[in-house]
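**Student:** File target21.cif follows (mmCIF, C-alpha atoms and all ligand atoms):
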data_protein
loop_
_atom_site.label_atom_id
_atom_site.label_comp_id
_atom_site.auth_asym_id
_atom_site.auth_seq_id
_atom_site.Cartn_x
_atom_site.Cartn_y
_atom_site.Cartn_z
CA MET A 1 -33.83 -57.43 -0.58
CA ALA A 2 -30.18 -56.89 0.37
CA ASP A 3 -29.10 -56.64 -3.30
CA LYS A 4 -32.01 -54.51 -4.45
CA GLN A 5 -30.93 -51.38 -6.27
CA TYR A 6 -32.94 -48.15 -6.58
CA ARG A 7 -32.61 -45.88 -9.64
CA VAL A 8 -32.53 -42.28 -8.47
CA ILE A 9 -32.67 -38.83 -10.03
CA GLN A 10 -31.00 -35.95 -8.19
CA TRP A 11 -33.21 -32.87 -8.60
CA MET A 12 -30.94 -29.79 -8.19
CA THR A 13 -27.44 -29.71 -6.84
CA GLY A 14 -27.25 -27.11 -4.07
CA ASP A 15 -25.73 -27.87 -0.68
CA VAL A 16 -28.13 -30.74 0.03
CA GLY A 17 -28.29 -32.09 -3.53
CA GLN A 18 -24.50 -32.39 -3.72
CA VAL A 19 -24.53 -34.63 -0.66
CA GLY A 20 -27.07 -36.71 -2.59
CA VAL A 21 -24.82 -37.02 -5.65
CA ARG A 22 -21.85 -38.05 -3.50
CA HIS A 23 -23.90 -40.61 -1.57
CA PHE A 24 -25.57 -42.12 -4.63
CA ALA A 25 -22.12 -42.46 -6.25
CA ASP A 26 -20.71 -44.21 -3.20
CA ASN A 27 -23.57 -46.45 -2.04
CA PRO A 28 -24.22 -49.43 -4.35
CA VAL A 29 -27.84 -49.57 -3.20
CA TYR A 30 -28.42 -46.59 -5.53
CA ASP A 31 -27.98 -46.13 -9.27
CA LEU A 32 -27.85 -42.43 -10.16
CA VAL A 33 -29.61 -42.22 -13.53
CA GLY A 34 -30.19 -38.48 -13.93
CA VAL A 35 -29.31 -35.08 -12.49
CA LEU A 36 -31.33 -31.90 -12.97
CA VAL A 37 -29.75 -28.49 -12.37
CA HIS A 38 -31.10 -24.95 -12.53
CA SER A 39 -27.94 -22.99 -13.32
CA LYS A 40 -26.76 -22.77 -16.93
CA GLU A 41 -23.12 -23.09 -15.78
CA LYS A 42 -23.75 -26.54 -14.30
CA ALA A 43 -25.76 -27.95 -17.24
CA GLY A 44 -23.57 -30.23 -19.40
CA LYS A 45 -21.14 -31.01 -16.58
CA ASP A 46 -20.61 -34.44 -15.06
CA ALA A 47 -22.54 -34.60 -11.76
CA GLY A 48 -19.39 -35.78 -9.95
CA GLU A 49 -17.59 -32.60 -10.95
CA ILE A 50 -20.49 -30.50 -9.59
CA ALA A 51 -20.40 -32.41 -6.29
CA GLY A 52 -16.60 -32.26 -5.94
CA ILE A 53 -15.87 -35.94 -6.59
CA ALA A 54 -14.58 -38.02 -9.53
CA PRO A 55 -16.82 -38.19 -12.63
CA VAL A 56 -19.84 -40.44 -12.12
CA GLY A 57 -20.83 -40.74 -15.79
CA VAL A 58 -24.09 -38.79 -15.45
CA ILE A 59 -24.27 -35.46 -17.26
CA ALA A 60 -26.37 -32.79 -15.55
CA THR A 61 -29.19 -31.25 -17.56
CA ASP A 62 -31.57 -28.34 -17.10
CA ASP A 63 -34.23 -30.09 -19.21
CA VAL A 64 -37.11 -30.64 -16.77
CA ASP A 65 -39.29 -32.53 -19.28
CA ALA A 66 -36.46 -34.99 -20.02
CA MET A 67 -36.10 -35.72 -16.32
CA VAL A 68 -39.85 -36.18 -15.86
CA ALA A 69 -39.79 -38.65 -18.77
CA LEU A 70 -36.78 -40.58 -17.45
CA GLU A 71 -37.47 -43.93 -15.79
CA ALA A 72 -36.41 -44.06 -12.16
CA ASP A 73 -37.64 -45.41 -8.84
CA CYS A 74 -37.22 -42.18 -6.94
CA VAL A 75 -36.43 -38.48 -7.28
CA PHE A 76 -34.39 -36.92 -4.48
CA TYR A 77 -36.03 -33.50 -4.77
CA THR A 78 -33.90 -30.69 -3.24
CA PRO A 79 -34.61 -27.38 -4.99
CA ILE A 80 -34.51 -24.10 -3.16
CA ILE A 81 -38.33 -24.05 -2.88
CA MET A 82 -40.77 -26.89 -3.50
CA ASP A 83 -43.03 -26.54 -6.53
CA VAL A 84 -46.10 -28.64 -5.78
CA ASP A 85 -47.09 -28.92 -9.47
CA THR A 86 -43.67 -30.34 -10.36
CA VAL A 87 -43.76 -32.77 -7.44
CA CYS A 88 -47.22 -33.94 -8.57
CA ARG A 89 -45.95 -34.35 -12.16
CA LEU A 90 -43.12 -36.52 -10.93
CA LEU A 91 -45.45 -38.59 -8.76
CA ARG A 92 -47.91 -39.06 -11.64
CA SER A 93 -45.03 -40.09 -13.93
CA GLY A 94 -44.48 -43.16 -11.75
CA LYS A 95 -41.55 -41.92 -9.69
CA ASN A 96 -41.57 -41.76 -5.90
CA VAL A 97 -40.42 -38.42 -4.48
CA VAL A 98 -38.28 -37.96 -1.37
CA THR A 99 -37.54 -34.36 -0.45
CA THR A 100 -35.96 -31.99 2.06
CA ALA A 101 -37.73 -28.99 0.54
CA GLY A 102 -40.62 -28.11 2.73
CA PHE A 103 -43.45 -30.53 3.39
CA PHE A 104 -43.04 -33.64 5.46
CA HIS A 105 -46.06 -33.78 7.74
CA PRO A 106 -49.53 -32.84 6.45
CA SER A 107 -50.24 -30.27 9.18
CA PRO A 108 -53.25 -27.89 8.93
CA ASP A 109 -51.09 -25.24 7.15
CA PHE A 110 -50.51 -27.63 4.24
CA ARG A 111 -53.94 -29.22 3.90
CA ASP A 112 -54.51 -28.11 0.28
CA PRO A 113 -51.11 -29.05 -1.20
CA ALA A 114 -51.25 -32.28 0.80
CA GLU A 115 -54.47 -33.17 -0.99
CA LEU A 116 -52.89 -32.50 -4.41
CA ILE A 117 -49.88 -34.63 -3.48
CA ARG A 118 -52.05 -37.48 -2.18
CA THR A 119 -54.10 -37.46 -5.38
CA ALA A 120 -50.96 -37.52 -7.55
CA CYS A 121 -49.65 -40.46 -5.51
CA VAL A 122 -52.85 -42.40 -6.20
CA GLU A 123 -52.74 -41.56 -9.93
CA GLY A 124 -49.10 -42.54 -10.28
CA GLY A 125 -49.11 -45.46 -7.84
CA THR A 126 -46.26 -43.69 -6.05
CA SER A 127 -45.24 -42.31 -2.66
CA PHE A 128 -44.11 -38.95 -1.30
CA HIS A 129 -41.93 -38.46 1.75
CA GLY A 130 -40.19 -35.43 3.26
CA GLY A 131 -37.34 -35.38 5.77
CA GLY A 132 -34.24 -33.45 6.80
CA ILE A 133 -32.55 -32.53 10.05
CA HIS A 134 -34.83 -29.72 11.31
CA PRO A 135 -37.63 -29.78 10.51
CA GLY A 136 -37.86 -33.48 9.82
CA TYR A 137 -35.72 -35.13 12.51
CA ALA A 138 -34.28 -33.17 15.47
CA GLY A 139 -37.60 -31.56 16.45
CA ASP A 140 -39.91 -34.50 15.81
CA ILE A 141 -38.33 -37.97 15.49
CA LEU A 142 -35.90 -37.28 18.34
CA PRO A 143 -38.45 -35.94 20.87
CA LEU A 144 -40.81 -38.81 20.08
CA THR A 145 -37.95 -41.28 20.42
CA LEU A 146 -37.01 -39.74 23.76
CA ALA A 147 -40.62 -39.77 24.99
CA ARG A 148 -40.61 -43.51 24.33
CA VAL A 149 -38.61 -44.07 27.55
CA MET A 150 -40.63 -41.69 29.75
CA SER A 151 -43.73 -42.26 31.83
CA ARG A 152 -45.13 -38.68 31.68
CA VAL A 153 -44.42 -35.75 29.38
CA ASP A 154 -45.12 -32.21 30.64
CA THR A 155 -43.18 -29.90 28.30
CA ILE A 156 -40.87 -30.62 25.38
CA HIS A 157 -38.17 -28.06 24.59
CA VAL A 158 -36.27 -28.29 21.31
CA TYR A 159 -33.21 -26.04 20.99
CA GLU A 160 -31.48 -25.34 17.70
CA VAL A 161 -28.29 -23.38 18.46
CA VAL A 162 -26.17 -22.29 15.48
CA ASP A 163 -22.80 -20.55 15.58
CA VAL A 164 -23.43 -18.87 12.22
CA LEU A 165 -19.90 -17.76 11.28
CA LYS A 166 -18.49 -21.21 12.05
CA ASP A 167 -21.26 -23.60 11.06
CA ALA A 168 -23.41 -22.00 8.34
CA PRO A 169 -22.72 -20.63 4.85
CA LEU A 170 -21.81 -16.92 4.77
CA ASP A 171 -24.98 -16.03 2.84
CA HIS A 172 -26.86 -16.63 6.14
CA ILE A 173 -25.52 -13.28 7.42
CA ASP A 174 -27.46 -11.29 4.86
CA TRP A 175 -30.59 -13.34 4.48
CA MET A 176 -31.04 -13.76 8.23
CA GLY A 177 -30.65 -10.00 8.76
CA PHE A 178 -27.42 -9.89 10.78
CA GLY A 179 -25.81 -6.45 10.62
CA LYS A 180 -29.19 -4.68 10.50
CA ASP A 181 -30.27 -1.92 12.85
CA LYS A 182 -32.09 -3.60 15.77
CA ASP A 183 -35.35 -1.64 15.47
CA THR A 184 -35.49 -2.15 11.69
CA PHE A 185 -34.84 -5.86 12.14
CA LEU A 186 -37.59 -6.18 14.76
CA SER A 187 -40.09 -4.26 12.63
CA GLU A 188 -39.73 -6.60 9.61
CA PRO A 189 -40.68 -10.26 9.06
CA THR A 190 -37.72 -12.55 9.77
CA ILE A 191 -36.72 -15.45 7.56
CA LEU A 192 -37.07 -17.86 10.51
CA GLY A 193 -40.43 -16.39 11.47
CA LEU A 194 -41.68 -16.94 7.92
CA GLY A 195 -40.56 -20.57 8.25
CA LEU A 196 -42.82 -21.19 11.26
CA PRO A 197 -45.45 -23.22 9.33
CA PHE A 198 -42.67 -25.56 8.23
CA PHE A 199 -41.30 -26.01 11.76
CA ALA A 200 -44.86 -26.36 13.10
CA GLN A 201 -45.13 -29.57 11.06
CA SER A 202 -42.69 -31.09 13.57
CA MET A 203 -44.89 -29.96 16.44
CA HIS A 204 -47.94 -31.53 14.83
CA MET A 205 -46.01 -34.73 14.26
CA ILE A 206 -45.04 -34.89 17.94
CA ALA A 207 -48.64 -34.21 18.94
CA ASP A 208 -49.94 -36.89 16.54
CA GLY A 209 -47.36 -39.31 17.89
CA LEU A 210 -48.43 -38.58 21.47
CA GLY A 211 -52.12 -38.79 20.59
CA VAL A 212 -53.01 -35.18 21.40
CA THR A 213 -54.18 -32.20 19.29
CA ILE A 214 -52.53 -28.79 19.10
CA ASP A 215 -54.94 -25.88 19.75
CA GLU A 216 -52.61 -23.25 18.30
CA VAL A 217 -48.96 -22.40 17.68
CA THR A 218 -47.83 -18.97 18.90
CA ALA A 219 -44.63 -16.99 18.39
CA ALA A 220 -43.02 -14.99 21.20
CA GLU A 221 -41.39 -11.65 20.47
CA VAL A 222 -38.05 -12.17 18.71
CA GLY A 223 -35.02 -11.56 20.95
CA VAL A 224 -31.92 -9.77 19.69
CA ALA A 225 -28.35 -9.25 20.93
CA THR A 226 -26.22 -6.57 19.29
CA ALA A 227 -22.49 -6.45 18.54
CA VAL A 228 -20.36 -4.54 21.10
CA GLU A 229 -17.65 -4.21 18.41
CA ASP A 230 -17.33 -4.91 14.68
CA ILE A 231 -17.49 -8.68 14.11
CA ALA A 232 -15.27 -9.51 11.16
CA HIS A 233 -16.08 -12.32 8.72
CA ASP A 234 -14.69 -13.44 5.35
CA GLU A 235 -16.78 -10.95 3.37
CA GLY A 236 -16.71 -7.92 5.66
CA ALA A 237 -18.01 -7.28 9.18
CA ILE A 238 -21.18 -7.09 11.23
CA PRO A 239 -21.00 -3.45 12.42
CA LYS A 240 -20.87 -2.53 16.10
CA GLY A 241 -24.36 -1.87 17.51
CA THR A 242 -26.23 -3.97 14.91
CA VAL A 243 -27.96 -7.35 15.14
CA ALA A 244 -25.39 -10.06 15.93
CA ALA A 245 -27.61 -12.75 17.45
CA GLN A 246 -31.31 -13.62 17.32
CA ARG A 247 -33.61 -15.86 19.28
CA HIS A 248 -37.00 -17.16 18.19
CA GLU A 249 -39.44 -19.02 20.42
CA TRP A 250 -42.53 -20.85 19.19
CA THR A 251 -45.02 -22.62 21.43
CA ALA A 252 -47.56 -25.33 20.62
CA TRP A 253 -50.45 -25.23 23.06
CA VAL A 254 -52.43 -28.32 24.01
CA GLY A 255 -55.38 -28.14 26.40
CA GLY A 256 -54.53 -24.51 27.24
CA LYS A 257 -50.94 -25.38 28.30
CA PRO A 258 -47.62 -25.13 26.45
CA LEU A 259 -46.67 -28.67 25.39
CA ILE A 260 -43.90 -28.07 22.83
CA ILE A 261 -41.52 -25.09 22.76
CA PHE A 262 -39.06 -24.63 19.91
CA HIS A 263 -36.11 -22.31 20.52
CA ALA A 264 -34.06 -21.22 17.48
CA ILE A 265 -30.89 -19.35 18.47
CA TYR A 266 -28.50 -18.03 15.84
CA LEU A 267 -25.30 -16.31 17.03
CA THR A 268 -22.36 -14.69 15.27
CA ALA A 269 -20.16 -14.00 18.32
CA THR A 270 -19.08 -15.14 21.76
CA PRO A 271 -20.86 -13.65 24.84
CA ASP A 272 -18.10 -11.05 25.46
CA ARG A 273 -18.90 -9.47 22.06
CA LEU A 274 -22.70 -9.39 22.51
CA GLU A 275 -25.07 -7.11 24.38
CA PRO A 276 -26.73 -8.71 26.28
CA PRO A 277 -23.89 -11.24 26.65
CA TRP A 278 -25.89 -14.29 25.51
CA ASP A 279 -24.16 -17.57 26.26
CA TRP A 280 -25.85 -20.41 24.42
CA GLY A 281 -22.80 -22.63 23.88
CA GLU A 282 -21.84 -24.43 20.70
CA THR A 283 -23.86 -25.47 17.65
CA ARG A 284 -26.20 -28.31 18.51
CA TYR A 285 -29.72 -29.63 18.75
CA GLU A 286 -30.89 -30.25 22.27
CA ILE A 287 -34.13 -31.88 23.36
CA VAL A 288 -35.18 -31.36 26.98
CA ILE A 289 -38.35 -33.04 28.19
CA ASP A 290 -39.81 -31.98 31.52
CA GLY A 291 -41.80 -34.85 32.96
CA ASP A 292 -41.15 -38.16 34.61
CA PRO A 293 -38.26 -38.79 34.55
CA PRO A 294 -36.91 -35.43 33.24
CA THR A 295 -34.76 -36.39 30.25
CA GLU A 296 -32.51 -34.69 27.74
CA LEU A 297 -30.61 -35.50 24.58
CA THR A 298 -27.99 -33.55 22.60
CA LEU A 299 -27.19 -34.03 18.91
CA LYS A 300 -23.92 -32.52 17.67
CA GLY A 301 -20.81 -33.28 15.65
CA VAL A 302 -17.90 -35.17 17.19
CA ARG A 303 -14.96 -33.20 18.59
CA GLN A 304 -11.77 -34.11 16.74
CA PRO A 305 -8.37 -34.69 18.40
CA ASP A 306 -7.31 -31.18 17.31
CA GLY A 307 -10.23 -29.68 19.29
CA THR A 308 -12.34 -28.72 16.27
CA MET A 309 -15.92 -29.87 15.81
CA ALA A 310 -17.63 -29.66 12.44
CA HIS A 311 -21.41 -29.35 12.27
CA PRO A 312 -22.51 -31.72 9.49
CA GLY A 313 -25.85 -29.95 8.96
CA TYR A 314 -26.16 -30.55 5.22
CA ASP A 315 -25.05 -34.19 5.48
CA TRP A 316 -27.63 -34.78 8.20
CA THR A 317 -30.30 -32.98 6.17
CA ALA A 318 -29.67 -35.02 3.03
CA MET A 319 -29.14 -38.38 4.72
CA GLY A 320 -32.19 -37.98 6.97
CA ALA A 321 -34.25 -38.08 3.78
CA ILE A 322 -32.11 -40.32 1.54
CA ASN A 323 -31.98 -43.16 4.06
CA ALA A 324 -35.75 -43.45 3.76
CA ILE A 325 -35.67 -43.93 -0.05
CA PRO A 326 -35.73 -47.75 -0.06
CA ASP A 327 -38.61 -47.96 2.43
CA VAL A 328 -40.53 -45.25 0.54
CA CYS A 329 -40.06 -47.04 -2.80
CA ASP A 330 -41.15 -50.37 -1.30
CA ALA A 331 -44.22 -48.97 0.50
CA SER A 332 -47.81 -48.73 -0.71
CA PRO A 333 -48.64 -45.48 -2.54
CA GLY A 334 -49.42 -42.28 -0.62
CA TRP A 335 -47.95 -39.44 1.43
CA LEU A 336 -45.78 -41.26 3.95
CA ASN A 337 -44.79 -39.23 6.97
CA HIS A 338 -42.38 -40.44 9.64
CA LEU A 339 -45.20 -42.02 11.64
CA ASP A 340 -46.39 -43.98 8.59
CA LEU A 341 -42.90 -45.28 7.82
CA GLY A 342 -42.12 -46.28 11.41
CA LEU A 343 -38.51 -47.18 12.10
CA ILE A 344 -36.86 -46.97 8.69
CA ARG A 345 -34.08 -49.33 7.68
CA PRO A 346 -31.19 -47.44 6.05
CA ARG A 347 -29.56 -49.59 3.35
CA GLY A 348 -25.96 -49.75 2.26
CA LEU A 349 -24.54 -47.67 5.11
CA VAL A 350 -22.23 -50.48 6.20
CA ARG A 351 -19.83 -50.89 3.29
CA PRO A 352 -16.11 -51.43 2.76
N1 LIG A 401 -35.48 -29.79 6.65
C1 LIG A 401 -34.21 -29.50 6.79
O1 LIG A 401 -33.57 -29.91 7.73
C2 LIG A 401 -33.53 -28.66 5.75
C3 LIG A 401 -32.24 -28.18 6.00
C4 LIG A 401 -31.58 -27.47 4.98
C5 LIG A 401 -32.22 -27.24 3.78
N2 LIG A 401 -33.50 -27.69 3.61
C6 LIG A 401 -34.21 -27.48 2.34
O2 LIG A 401 -33.62 -28.33 1.35
C7 LIG A 401 -33.70 -27.68 0.08
C8 LIG A 401 -32.32 -27.63 -0.54
O3 LIG A 401 -31.47 -26.88 0.32
P1 LIG A 401 -30.06 -26.35 -0.20
O4 LIG A 401 -29.35 -25.78 0.96
O5 LIG A 401 -29.40 -27.44 -1.00
O6 LIG A 401 -30.53 -25.18 -1.15
P2 LIG A 401 -29.65 -24.23 -2.06
O7 LIG A 401 -28.24 -24.71 -2.07
O8 LIG A 401 -29.87 -22.82 -1.63
O9 LIG A 401 -30.33 -24.33 -3.48
C9 LIG A 401 -30.75 -25.55 -4.08
C10 LIG A 401 -30.69 -25.44 -5.59
O10 LIG A 401 -31.90 -24.90 -6.12
C11 LIG A 401 -31.61 -24.47 -7.45
N3 LIG A 401 -32.07 -23.09 -7.69
C12 LIG A 401 -31.46 -21.94 -7.32
N4 LIG A 401 -32.17 -20.88 -7.73
C13 LIG A 401 -33.26 -21.36 -8.35
C14 LIG A 401 -34.38 -20.78 -8.98
N5 LIG A 401 -34.52 -19.46 -9.07
N6 LIG A 401 -35.32 -21.60 -9.50
C15 LIG A 401 -35.19 -22.93 -9.42
N7 LIG A 401 -34.14 -23.55 -8.83
C16 LIG A 401 -33.20 -22.77 -8.31
C17 LIG A 401 -30.11 -24.52 -7.62
O11 LIG A 401 -29.81 -25.72 -8.32
P3 LIG A 401 -28.44 -25.97 -9.15
O12 LIG A 401 -27.35 -25.47 -8.26
O13 LIG A 401 -28.43 -27.46 -9.32
O14 LIG A 401 -28.55 -25.20 -10.42
C18 LIG A 401 -29.65 -24.55 -6.19
O15 LIG A 401 -28.39 -25.04 -6.00
C19 LIG A 401 -34.30 -26.29 0.33
O16 LIG A 401 -35.67 -26.31 0.05
C20 LIG A 401 -34.09 -26.07 1.82
O17 LIG A 401 -35.05 -25.24 2.40
C21 LIG A 401 -34.14 -28.41 4.55
#
Can I see the file as structure tokens?

**Tutor:**
Amino acid sequence: MADKQYRVIQWMTGDVGQVGVRHFADNPVYDLVGVLVHSKEKAGKDAGEIAGIAPVGVIATDDVDAMVALEADCVFYTPIIMDVDTVCRLLRSGKNVVTTAGFFHPSPDFRDPAELIRTACVEGGTSFHGGGIHPGYAGDILPLTLARVMSRVDTIHVYEVVDVLKDAPLDHIDWMGFGKDKDTFLSEPTILGLGLPFFAQSMHMIADGLGVTIDEVTAAEVGVATAVEDIAHDEGAIPKGTVAAQRHEWTAWVGGKPLIIFHAIYLTATPDRLEPPWDWGETRYEIVIDGDPPTELTLKGVRQPDGTMAHPGYDWTAMGAINAIPDVCDASPGWLNHLDLGLIRPRGLVRP
């Protein structure tokens, strides 16, 4: 068991996929046998070069059929958006699929694709598993783990606080709508709001783990703080008076009462530069459970001696899924969510 090696294919090399390439190159538990890319510029390059490390001897290709035909134990599937047909093809081809791209708990929103995935697993004798940091860990595994030491749970709050200019790629400014007129922003769908079905999977996983059923998931009105002055960043500025922070709140109701409340808070400035002067502190995940005894847990990077603290969001996202690969490959076929896998055993993390 200790020496067992797993042949893996890295499917796309964005922020998460590059963590995969680096990890598979470094951890002898894995043998990277193929890398699929989307962009023409990356095709033909050594995967190590794409991921910013020494060559690994695997040349990236954009040939999907070649990758589907390649023998491997598992595909680490990290495209921008999951394509269920492709995932099913991979599963039917005899390769397990572990992903950060969307589905990880077969909640009511994903009943139909879940059925397709389950069928493909049976046909290919393979397994499917999704993970990440949030959704997929901070808002589901952590609350359930915390509940394990409590005697009564009343309300579970999960906070995701992100200092966008410090801890997220710059493209988040545009696609999250920072710099927009407040009324325009509030009249349009938000990218986080559109993601609610994905985050709701975490709520359903908590509920399943606690043995209760969610009646409905509701979204409160989005909150906004505007910039009191121009907020400069590397590619320009968020203009004075426009959206500089946003807060989303989603509630899962059980038995007519709020059981789980997710708070997503994205900020581009300190309180003195915001109206209202929101003060949510630094980037972190925080789980607060009201009950007996009231209990809380914070997940964040480690402050360095020079006072800086990096937020390893993409590393956590990739590793939350990758560390499950051995258990997923060794399990019986099917869609394996976190509850099915139980406490997973990461392999090869302790190495010289
Ligand atoms: N659950 C979580 O905690 C969590 C957190 C973060 C991200 N995610 C998910 O993980 C996945 C990967 O995230 P990421 O940040 O690595 O994404 P990303 O960097 O934005 O993009 C992933 C890759 O998708 C490929 N791609 C780009 N445009 C494409 C197109 N039009 N058609 C097909 N492929 C295209 C590109 O591959 P090449 O560059 O190789 O050409 C790109 O690098 C996403 O689905 C994301 O939502 C989950």

**Student:** Please determine, counting all atoms listed in the file, which residue among A:Ala200, A:Val153, A:Ile261, A:Leu194 has the shortest atom-to-atom distance to Thr295 of chain A.

**Tutor:** A:Val153

**Student:** A:Gly48, A:Pro197, A:Gly34, A:Gly211: which is nearest Leu70 of chain A, counting all atoms listed in the file?

**Tutor:**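 Ranking A:Gly48, A:Pro197, A:Gly34, A:Gly211 by distance to Leu70 of chain A, first place goes to A:Gly34.
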
**Student:** Closest to ligand LIG 401 (chain A) among A:Ala69, A:Ile81, A:Leu142, A:Leu186, using all atoms listed in the file?

**Tutor:**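 Nearest to ligand LIG 401 (chain A): A:Ile81.
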
**Student:** Counting all atoms listed in the file, what is within 12 Å of Gly44 of chain A, bar same-chain residues fewer than 4 positions away, as a list of chain:residue names?

**Tutor:**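 Here the qualifying residues turn out to be A:Gly34, A:Val35, A:Leu36, A:Val37, A:His38, A:Ser39, A:Lys40, A:Gly48, A:Glu49, A:Ile50, A:Gly57, A:Val58, A:Ile59, A:Ala60, A:Thr61, A:Asp62, A:Asp63.
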
**Student:** Enumerate, in order of chain and increasing residue number, the residues of chain A with an atom no farther than 8 Å from ligand LIG 401 (chain A), each with its shortest atom pair and distance in Å to one decimal, counting all atoms listed in the file, as JSON lines.

**Tutor:**
{"residue": "A:Trp11", "atom": "CA", "partner": "A:LIG401", "partner_atom": "O13", "distance": 7.3}
{"residue": "A:Met12", "atom": "CA", "partner": "A:LIG401", "partner_atom": "O13", "distance": 3.6}
{"residue": "A:Thr13", "atom": "CA", "partner": "A:LIG401", "partner_atom": "O13", "distance": 3.5}
{"residue": "A:Gly14", "atom": "CA", "partner": "A:LIG401", "partner_atom": "O15", "distance": 3.1}
{"residue": "A:Asp15", "atom": "CA", "partner": "A:LIG401", "partner_atom": "O5", "distance": 3.7}
{"residue": "A:Val16", "atom": "CA", "partner": "A:LIG401", "partner_atom": "O5", "distance": 3.7}
{"residue": "A:Gly17", "atom": "CA", "partner": "A:LIG401", "partner_atom": "O5", "distance": 5.4}
{"residue": "A:Gln18", "atom": "CA", "partner": "A:LIG401", "partner_atom": "O5", "distance": 7.5}
{"residue": "A:Leu36", "atom": "CA", "partner": "A:LIG401", "partner_atom": "O13", "distance": 6.4}
{"residue": "A:Val37", "atom": "CA", "partner": "A:LIG401", "partner_atom": "O13", "distance": 3.5}
{"residue": "A:His38", "atom": "CA", "partner": "A:LIG401", "partner_atom": "O14", "distance": 3.3}
{"residue": "A:Ser39", "atom": "CA", "partner": "A:LIG401", "partner_atom": "O14", "distance": 3.7}
{"residue": "A:Lys40", "atom": "CA", "partner": "A:LIG401", "partner_atom": "O14", "distance": 7.2}
{"residue": "A:Glu41", "atom": "CA", "partner": "A:LIG401", "partner_atom": "O14", "distance": 7.9}
{"residue": "A:Lys42", "atom": "CA", "partner": "A:LIG401", "partner_atom": "O14", "distance": 6.3}
{"residue": "A:Ala43", "atom": "CA", "partner": "A:LIG401", "partner_atom": "O14", "distance": 7.9}
{"residue": "A:Asp62", "atom": "CA", "partner": "A:LIG401", "partner_atom": "O14", "distance": 8.0}
{"residue": "A:Tyr77", "atom": "CA", "partner": "A:LIG401", "partner_atom": "C7", "distance": 7.9}
{"residue": "A:Thr78", "atom": "CA", "partner": "A:LIG401", "partner_atom": "C8", "distance": 4.4}
{"residue": "A:Pro79", "atom": "CA", "partner": "A:LIG401", "partner_atom": "O10", "distance": 3.8}
{"residue": "A:Ile80", "atom": "CA", "partner": "A:LIG401", "partner_atom": "O10", "distance": 4.0}
{"residue": "A:Ile81", "atom": "CA", "partner": "A:LIG401", "partner_atom": "O16", "distance": 4.6}
{"residue": "A:Met82", "atom": "CA", "partner": "A:LIG401", "partner_atom": "O16", "distance": 6.2}
{"residue": "A:Thr99", "atom": "CA", "partner": "A:LIG401", "partner_atom": "O2", "distance": 7.4}
{"residue": "A:Thr100", "atom": "CA", "partner": "A:LIG401", "partner_atom": "O2", "distance": 4.4}
{"residue": "A:Ala101", "atom": "CA", "partner": "A:LIG401", "partner_atom": "O16", "distance": 3.4}
{"residue": "A:Gly102", "atom": "CA", "partner": "A:LIG401", "partner_atom": "O16", "distance": 5.9}
{"residue": "A:Gly131", "atom": "CA", "partner": "A:LIG401", "partner_atom": "N1", "distance": 6.0}
{"residue": "A:Gly132", "atom": "CA", "partner": "A:LIG401", "partner_atom": "O1", "distance": 3.7}
{"residue": "A:Ile133", "atom": "CA", "partner": "A:LIG401", "partner_atom": "O1", "distance": 3.6}
{"residue": "A:His134", "atom": "CA", "partner": "A:LIG401", "partner_atom": "O1", "distance": 3.8}
{"residue": "A:Pro135", "atom": "CA", "partner": "A:LIG401", "partner_atom": "N1", "distance": 4.4}
{"residue": "A:Gly136", "atom": "CA", "partner": "A:LIG401", "partner_atom": "N1", "distance": 5.4}
{"residue": "A:Tyr137", "atom": "CA", "partner": "A:LIG401", "partner_atom": "O1", "distance": 7.4}
{"residue": "A:Gly313", "atom": "CA", "partner": "A:LIG401", "partner_atom": "C3", "distance": 7.3}
{"residue": "A:Tyr314", "atom": "CA", "partner": "A:LIG401", "partner_atom": "C4", "distance": 6.2}
{"residue": "A:Trp316", "atom": "CA", "partner": "A:LIG401", "partner_atom": "O1", "distance": 7.7}
{"residue": "A:Thr317", "atom": "CA", "partner": "A:LIG401", "partner_atom": "O1", "distance": 4.7}
{"residue": "A:Ala318", "atom": "CA", "partner": "A:LIG401", "partner_atom": "C3", "distance": 7.9}

**Student:** Excluding Val33 of chain A and its own-chain neighbours fewer than 3 positions away, which residues fall within 10 Å of it when counting all atoms listed in the file? Please give them as a PyMOL selection string.

**Tutor:** chain A and resi 6-10+24+30+57-59+67+70-73+75

**Student:** Nearest residue to Asp290 of chain A out of A:Asn96, A:Ser151, A:Thr268, A:Thr86, using all atoms listed in the file?

**Tutor:**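 Smallest distance to Asp290 of chain A is found for A:Ser151.
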
**Student:** Would you please work out which residue, of A:Val164, A:Gln201, A:Ala138, A:Met150, is nearest to Asp109 of chain A when using all atoms listed in the file?

**Tutor:**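 Smallest separation from Asp109 of chain A among the options: A:Gln201.
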
**Student:** Do you know which residues are at most 12 Å from segment 299-301 of chain A counting all atoms listed in the file, after dropping those on the same chain fewer than 3 positions away, and could you put them as a PyMOL selection string?

**Tutor:** chain A and resi 133-134+137-139+142-143+158-162+167+281-288+296+304+307-313+315-316

**Student:** When you draw a straight line from atom CA of Ala252 of chain A to atom CA of Ile117 of chain A, how long is it in Å?

**Tutor:** 25.9 Å

**Student:** Could you give me, as a ChimeraX atom specification, the residues within 10 Å of segment 233-238 of chain A, counting all atoms listed in the file and dropping anything in the same chain fewer than 3 positions from it?

**Tutor:** /A:165-166,170-171,173-174,178-180,226-227,229-230,241-244,268-269

**Student:** If you count only C-alpha atoms, which residues fall within 9 Å of Ile191 of chain A, apart from same-chain ones fewer than 6 positions away, as a list in words?

**Tutor:**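 Counting only the stated atoms, we get Trp175, Met176 and Gly177 of chain A.
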
**Student:** Given the selection you just returned, output its residues as a file containing C-alpha atoms, formatted as a PDB file, in the coordinates of the input.

**Tutor:**
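Writing the result to result31.pdb gives the following:
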ATOM      1  CA  TRP A 175     -30.590 -13.340   4.480  1.00  0.00           C
ATOM      2  CA  MET A 176     -31.040 -13.760   8.230  1.00  0.00           C
ATOM      3  CA  GLY A 177     -30.650 -10.000   8.760  1.00  0.00           C
TER       4      GLY A 177
END
